[in-house]
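Inspection log for the structure reproduced underneath, given as structure tokens.
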Amino acid sequence: MENIATTPKDEQRLAKFEEWVQSGEAIEPRDWMPEAYRKHLIRQISQHAHSEVIGMQPEGNWVTRAPSLRAKQILLAKIQDEGGHGLYLYSAAETLGITRDEMIEQLHAGKAKYSNIFNYPTLNWADIGAIGWLVDGAAIVNQVSLQRTSFAPYSRAMVRICKEESFHQRQGYEIMAKMMAGTEAQREMAQDAMNRWWWPSLMMFGPHDGDSPHSADAFRWKIKRQTNDELRQKFIDKTVPQAELIGLTVPDPDMKWNEEKQSYDHGRINWEEFYRVINGHGPCNKQRMDHHKKVHADGAWVREAAEAYRAKMK
Ligand code: FAQ
């Protein structure tokens, strides 16, 4: 951990800060906080915001090909929600003294990450079901835990976001259940989507606890309340019975119920793939970033117009 207390006054403030956090109290933007806590949160919240916004791309790919008007309306509403989540999260990060422009520059320069999961392609309609059910399902497990994170604006954003994510998860499961009750070809599409999205969804929770460099600080400051592995296990235990209920097979031959632990054992996660993807070499990283840069540049006139309007109203 970074050495954060330099002067006796800093040490006093740090001790008070840590006592406050340990007692379960929330930190507001105007409260004193150690620089390392502020940086840790900017990293995590901005990456979370970028994930929400980049996550609109794989789903956007299916808006014009949704199989019914109802499906199209639901998908449009969901994508719009994800954009909104990005905005709450950028705003929460801005309270820590960084601007949205700076966060976007970091994303474009490859200095800020976004979730591994959005670097995979959406090849068929069942992928939209798999994203809602598995990806939003994984996101909810993580975000429910983050509702109790120590930084108040992040915690408040999580409360609101979780309500919307529950609807996203259910609409995804509905797509999968419908397809599994459909024709042989539809069942094959659903299973194919399950096979491709299952493992990357498990990777969303981050590296195993012993390999997670940020976890020690995150726990010390109650940014994280549960470990990456605890949350991953929770997701698995919740999701495997849902898959079985509609006839989907989890693509893991080592997945089995452990009576003693009262949870599922699972096979090895391909961490080589995870690091390749989060370091920019997944199947769609280039496409996602090129698209984000292009639409950001295309939208420059909107930002200029908003700025001109603001100046005029002063
Ligand atoms: N992807 O030491 P740790 C959604 C990086 S929202 C990419 O364990 P930490 C909604 C990590 O940043 C999904 N990178 O890190 C939706 C660090 O690299 P760095 C997003 C990852 O922060 C649905 C390094 O590995 N949710 O899906 C990932 O303690 C559908 C070491 O890792 C959030 O962001 C990953 N999966 O724990 C939208 C939740 N995992 O920064 C559209 C908030 C790890 O040093 C459609 N974030 N890395 O360069 C968190 O809870 C945490 O940041 C973790 C990682 C748990 C993701």
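By order in the structure tokens, chains are A, B, ...; within a chain, residues start at 1; ligands start at 1, following the order shown.
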Exercise. Which residues sit within 7 Å of ligand 1, counting only C-alpha atoms and all ligand atoms, listed as a ChimeraX atom specification?
Worked result: /A:43-45,47-48,51-53,55-56,82,112-117,131-132,135-136,139,142-143,203-207,212-215,218,228,278
Exercise. Residues at most 12 Å from Ile140 of chain A, counting only C-alpha atoms, excluding those fewer than 6 positions away in the same chain, as a PyMOL selection string?
Worked result: chain A and resi 132-134+146-147+158-170+201+204-205+231-232+234-235+238
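Proximity of A:Lys39, A:Glu25, A:Asn61, A:Arg156 to Asp217 of chain A, computed with only C-alpha atoms, is greatest for A:Lys39.
Pairwise distance (atom CA of Asp252 of chain A, atom CA of Thr183 of chain A) equals 24.4 Å.
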Residues at most 10 Å from Leu87 of chain A, counting only C-alpha atoms, excluding those fewer than 6 positions away in the same chain, as a tab-separated table (two decimals) with C-alpha atoms, in the first residue's frame?
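Here's the written file selection-v2.tsv:
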```tsv
chain	number	residue	atom	x	y	z
A	49	ALA	CA	-18.78	3.95	-15.62
A	50	HIS	CA	-16.81	3.09	-18.77
A	52	GLU	CA	-21.71	0.69	-18.47
A	53	VAL	CA	-21.18	2.90	-21.52
A	81	ASP	CA	-30.64	2.49	-18.71
A	93	ALA	CA	-16.42	10.04	-9.73
A	100	ARG	CA	-15.57	13.48	-17.19
A	157	ALA	CA	-25.59	5.27	-7.32
```
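Here atom CA of Cys284 of chain A and atom CA of Asn119 of chain A stand 4.6 Å from one another.
Counting only C-alpha atoms and comparing A:Arg196, A:Gly267, A:Leu69, A:Leu41, the residue that lies closest to Asp254 of chain A is A:Gly267.
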Problem set entry | Residue among A:Arg268, A:Thr122, A:Leu248, A:Phe151 lying closest to Leu202 of chain A, counting only C-alpha atoms | A:Arg268
For this session: Skip Gln191 of chain A itself and residues of its chain fewer than 6 positions away, then list as an NGL selection string all residues within 12 Å of it, counting only C-alpha atoms.
Result: :A and (124-127 or 129-130 or 176-177 or 179-180 or 184-185 or 197-198 or 243-244 or 246-251)
